[in-house]
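Written below as structure tokens is the structure these notes are about.
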Amino acid sequence: MGAQPLKPEGAAAGFEDRLAMTRLAIKGEPGFAVSLADAPKTAGNRDLMPNYTLETLDALRAESSRRQRFIA
């Protein structure tokens, strides 16, 4: 899981669990897709780096500028 400055103890569920829950929630729903734009990232052998909303939005924009996106 990425470093969360506002959640020093970490999230209740790890990234892989949240990803699996999201995939189950949208299974069979046309028009829905999971994006890994906010997946945990590292810098070489260093600890996980924080994810910033602006970087996530830039990554989503780069995935496809023609698709409509809803972020919750």
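Order determines the names: the first chain of the structure tokens is A, the second B, and so forth; residues in each chain are numbered 1 upward, and ligands are numbered 1 upward as they are shown.
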
Selection: 10 Å around Arg23 (chain A), only C-alpha atoms, excl. self and same-chain fewer than 5 positions, as an MDAnalysis selection string: chainID A and resid 17:18 28 32:34

Could you write out the selected residues, including all heavy atoms, as a compact mmCIF listing (two decimals), in the first residue's frame?
```
# COMPACT_ATOMS: atom_id res chain seq x y z
N ASP A 17 -6.26 -6.40 -1.57
CA ASP A 17 -7.63 -6.73 -1.13
C ASP A 17 -8.63 -5.73 -1.69
O ASP A 17 -9.71 -6.12 -2.15
CB ASP A 17 -7.71 -6.75 0.39
CG ASP A 17 -6.97 -7.92 1.01
OD1 ASP A 17 -6.84 -8.97 0.33
OD2 ASP A 17 -6.53 -7.81 2.16
N ARG A 18 -8.31 -4.44 -1.64
CA ARG A 18 -9.21 -3.42 -2.18
C ARG A 18 -9.39 -3.60 -3.68
O ARG A 18 -10.49 -3.44 -4.22
CB ARG A 18 -8.69 -2.02 -1.85
CG ARG A 18 -8.72 -1.72 -0.37
CD ARG A 18 -8.48 -0.26 -0.03
NE ARG A 18 -7.45 0.41 -0.78
CZ ARG A 18 -6.16 0.46 -0.46
NH1 ARG A 18 -5.73 -0.14 0.64
NH2 ARG A 18 -5.30 1.13 -1.20
N GLY A 28 -19.15 -7.94 -14.49
CA GLY A 28 -20.36 -8.04 -15.28
C GLY A 28 -21.05 -6.70 -15.54
O GLY A 28 -22.12 -6.67 -16.12
N PHE A 32 -17.65 -0.35 -16.88
CA PHE A 32 -16.81 -0.15 -15.71
C PHE A 32 -15.48 -0.85 -15.93
O PHE A 32 -15.41 -1.92 -16.54
CB PHE A 32 -17.46 -0.73 -14.46
CG PHE A 32 -18.56 0.12 -13.90
CD1 PHE A 32 -19.83 0.10 -14.47
CD2 PHE A 32 -18.34 0.92 -12.81
CE1 PHE A 32 -20.85 0.87 -13.97
CE2 PHE A 32 -19.36 1.71 -12.29
CZ PHE A 32 -20.62 1.68 -12.87
N ALA A 33 -14.42 -0.25 -15.42
CA ALA A 33 -13.08 -0.85 -15.51
C ALA A 33 -12.27 -0.41 -14.31
O ALA A 33 -12.47 0.68 -13.76
CB ALA A 33 -12.38 -0.42 -16.79
N VAL A 34 -11.36 -1.25 -13.89
CA VAL A 34 -10.44 -0.93 -12.80
C VAL A 34 -9.21 -0.26 -13.40
O VAL A 34 -8.68 -0.70 -14.40
CB VAL A 34 -10.02 -2.21 -12.04
CG1 VAL A 34 -8.92 -1.92 -11.04
CG2 VAL A 34 -11.22 -2.82 -11.34
```

Picked from region 31-64 of chain A by DSSP as alpha helix (DSSP H), as a ChimeraX atom specification: /A:53-63

Please save all heavy atoms of the selected residues as a PDB file, in the first residue's frame.
```
ATOM      1  N   THR A  53      -3.100  13.082  -5.373  1.00  0.00           N
ATOM      2  CA  THR A  53      -4.292  13.141  -6.216  1.00  0.00           C
ATOM      3  C   THR A  53      -3.975  13.714  -7.593  1.00  0.00           C
ATOM      4  O   THR A  53      -4.445  13.189  -8.613  1.00  0.00           O
ATOM      5  CB  THR A  53      -5.387  13.973  -5.526  1.00  0.00           C
ATOM      6  OG1 THR A  53      -5.673  13.368  -4.263  1.00  0.00           O
ATOM      7  CG2 THR A  53      -6.653  14.029  -6.371  1.00  0.00           C
ATOM      8  N   LEU A  54      -3.196  14.770  -7.655  1.00  0.00           N
ATOM      9  CA  LEU A  54      -2.866  15.385  -8.943  1.00  0.00           C
ATOM     10  C   LEU A  54      -2.158  14.400  -9.871  1.00  0.00           C
ATOM     11  O   LEU A  54      -2.490  14.314 -11.057  1.00  0.00           O
ATOM     12  CB  LEU A  54      -2.004  16.631  -8.732  1.00  0.00           C
ATOM     13  CG  LEU A  54      -1.628  17.394  -9.998  1.00  0.00           C
ATOM     14  CD1 LEU A  54      -2.870  17.878 -10.730  1.00  0.00           C
ATOM     15  CD2 LEU A  54      -0.730  18.560  -9.661  1.00  0.00           C
ATOM     16  N   GLU A  55      -1.220  13.630  -9.332  1.00  0.00           N
ATOM     17  CA  GLU A  55      -0.521  12.632 -10.153  1.00  0.00           C
ATOM     18  C   GLU A  55      -1.480  11.544 -10.618  1.00  0.00           C
ATOM     19  O   GLU A  55      -1.392  11.063 -11.753  1.00  0.00           O
ATOM     20  CB  GLU A  55       0.632  12.022  -9.355  1.00  0.00           C
ATOM     21  CG  GLU A  55       1.744  13.006  -9.057  1.00  0.00           C
ATOM     22  CD  GLU A  55       2.764  12.452  -8.083  1.00  0.00           C
ATOM     23  OE1 GLU A  55       2.539  11.365  -7.505  1.00  0.00           O
ATOM     24  OE2 GLU A  55       3.790  13.127  -7.887  1.00  0.00           O
ATOM     25  N   THR A  56      -2.403  11.142  -9.744  1.00  0.00           N
ATOM     26  CA  THR A  56      -3.391  10.129 -10.126  1.00  0.00           C
ATOM     27  C   THR A  56      -4.284  10.638 -11.240  1.00  0.00           C
ATOM     28  O   THR A  56      -4.548   9.932 -12.220  1.00  0.00           O
ATOM     29  CB  THR A  56      -4.243   9.721  -8.905  1.00  0.00           C
ATOM     30  OG1 THR A  56      -3.373   9.192  -7.897  1.00  0.00           O
ATOM     31  CG2 THR A  56      -5.294   8.695  -9.279  1.00  0.00           C
ATOM     32  N   LEU A  57      -4.755  11.877 -11.119  1.00  0.00           N
ATOM     33  CA  LEU A  57      -5.613  12.450 -12.165  1.00  0.00           C
ATOM     34  C   LEU A  57      -4.857  12.587 -13.483  1.00  0.00           C
ATOM     35  O   LEU A  57      -5.424  12.322 -14.551  1.00  0.00           O
ATOM     36  CB  LEU A  57      -6.166  13.797 -11.710  1.00  0.00           C
ATOM     37  CG  LEU A  57      -7.150  13.736 -10.548  1.00  0.00           C
ATOM     38  CD1 LEU A  57      -7.503  15.135 -10.071  1.00  0.00           C
ATOM     39  CD2 LEU A  57      -8.391  12.949 -10.914  1.00  0.00           C
ATOM     40  N   ASP A  58      -3.595  12.970 -13.435  1.00  0.00           N
ATOM     41  CA  ASP A  58      -2.782  13.038 -14.652  1.00  0.00           C
ATOM     42  C   ASP A  58      -2.650  11.660 -15.296  1.00  0.00           C
ATOM     43  O   ASP A  58      -2.737  11.522 -16.519  1.00  0.00           O
ATOM     44  CB  ASP A  58      -1.394  13.608 -14.358  1.00  0.00           C
ATOM     45  CG  ASP A  58      -1.399  15.104 -14.127  1.00  0.00           C
ATOM     46  OD1 ASP A  58      -2.380  15.768 -14.525  1.00  0.00           O
ATOM     47  OD2 ASP A  58      -0.415  15.602 -13.555  1.00  0.00           O
ATOM     48  N   ALA A  59      -2.443  10.625 -14.480  1.00  0.00           N
ATOM     49  CA  ALA A  59      -2.313   9.260 -15.001  1.00  0.00           C
ATOM     50  C   ALA A  59      -3.625   8.796 -15.626  1.00  0.00           C
ATOM     51  O   ALA A  59      -3.628   8.161 -16.687  1.00  0.00           O
ATOM     52  CB  ALA A  59      -1.882   8.306 -13.886  1.00  0.00           C
ATOM     53  N   LEU A  60      -4.751   9.117 -14.989  1.00  0.00           N
ATOM     54  CA  LEU A  60      -6.048   8.744 -15.556  1.00  0.00           C
ATOM     55  C   LEU A  60      -6.283   9.443 -16.887  1.00  0.00           C
ATOM     56  O   LEU A  60      -6.790   8.843 -17.839  1.00  0.00           O
ATOM     57  CB  LEU A  60      -7.173   9.095 -14.578  1.00  0.00           C
ATOM     58  CG  LEU A  60      -7.272   8.215 -13.336  1.00  0.00           C
ATOM     59  CD1 LEU A  60      -8.260   8.816 -12.346  1.00  0.00           C
ATOM     60  CD2 LEU A  60      -7.662   6.801 -13.711  1.00  0.00           C
ATOM     61  N   ARG A  61      -5.912  10.702 -16.971  1.00  0.00           N
ATOM     62  CA  ARG A  61      -6.066  11.456 -18.219  1.00  0.00           C
ATOM     63  C   ARG A  61      -5.213  10.820 -19.321  1.00  0.00           C
ATOM     64  O   ARG A  61      -5.636  10.717 -20.469  1.00  0.00           O
ATOM     65  CB  ARG A  61      -5.677  12.915 -18.007  1.00  0.00           C
ATOM     66  CG  ARG A  61      -5.956  13.791 -19.214  1.00  0.00           C
ATOM     67  CD  ARG A  61      -5.605  15.252 -18.977  1.00  0.00           C
ATOM     68  NE  ARG A  61      -6.386  15.815 -17.887  1.00  0.00           N
ATOM     69  CZ  ARG A  61      -5.853  16.277 -16.741  1.00  0.00           C
ATOM     70  NH1 ARG A  61      -4.568  16.243 -16.539  1.00  0.00           N
ATOM     71  NH2 ARG A  61      -6.629  16.771 -15.812  1.00  0.00           N
ATOM     72  N   ALA A  62      -4.015  10.377 -18.968  1.00  0.00           N
ATOM     73  CA  ALA A  62      -3.114   9.784 -19.951  1.00  0.00           C
ATOM     74  C   ALA A  62      -3.611   8.424 -20.438  1.00  0.00           C
ATOM     75  O   ALA A  62      -3.329   8.025 -21.565  1.00  0.00           O
ATOM     76  CB  ALA A  62      -1.715   9.641 -19.351  1.00  0.00           C
ATOM     77  N   GLU A  63      -4.354   7.685 -19.584  1.00  0.00           N
ATOM     78  CA  GLU A  63      -4.861   6.369 -19.985  1.00  0.00           C
ATOM     79  C   GLU A  63      -5.747   6.484 -21.210  1.00  0.00           C
ATOM     80  O   GLU A  63      -5.690   5.658 -22.102  1.00  0.00           O
ATOM     81  CB  GLU A  63      -5.651   5.729 -18.841  1.00  0.00           C
ATOM     82  CG  GLU A  63      -4.791   5.115 -17.776  1.00  0.00           C
ATOM     83  CD  GLU A  63      -5.617   4.459 -16.683  1.00  0.00           C
ATOM     84  OE1 GLU A  63      -6.854   4.328 -16.829  1.00  0.00           O
ATOM     85  OE2 GLU A  63      -5.016   4.079 -15.677  1.00  0.00           O
TER      86      GLU A  63
END
```

Glu16 (chain A) surroundings by only C-alpha atoms, 10 Å radius, close-in-sequence under 5 positions cut, as a ChimeraX atom specification: /A:1,21-22,39-40

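In this model, the gap between CA of Phe15 (chain A) and CA of Asn51 (chain A) comes to 12.5 Å.
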
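In this comparison, which uses only C-alpha atoms, the residue of A:Ala13, A:Pro50, A:Ser64, A:Pro8 approaching Ser35 (chain A) most closely is A:Ser64.
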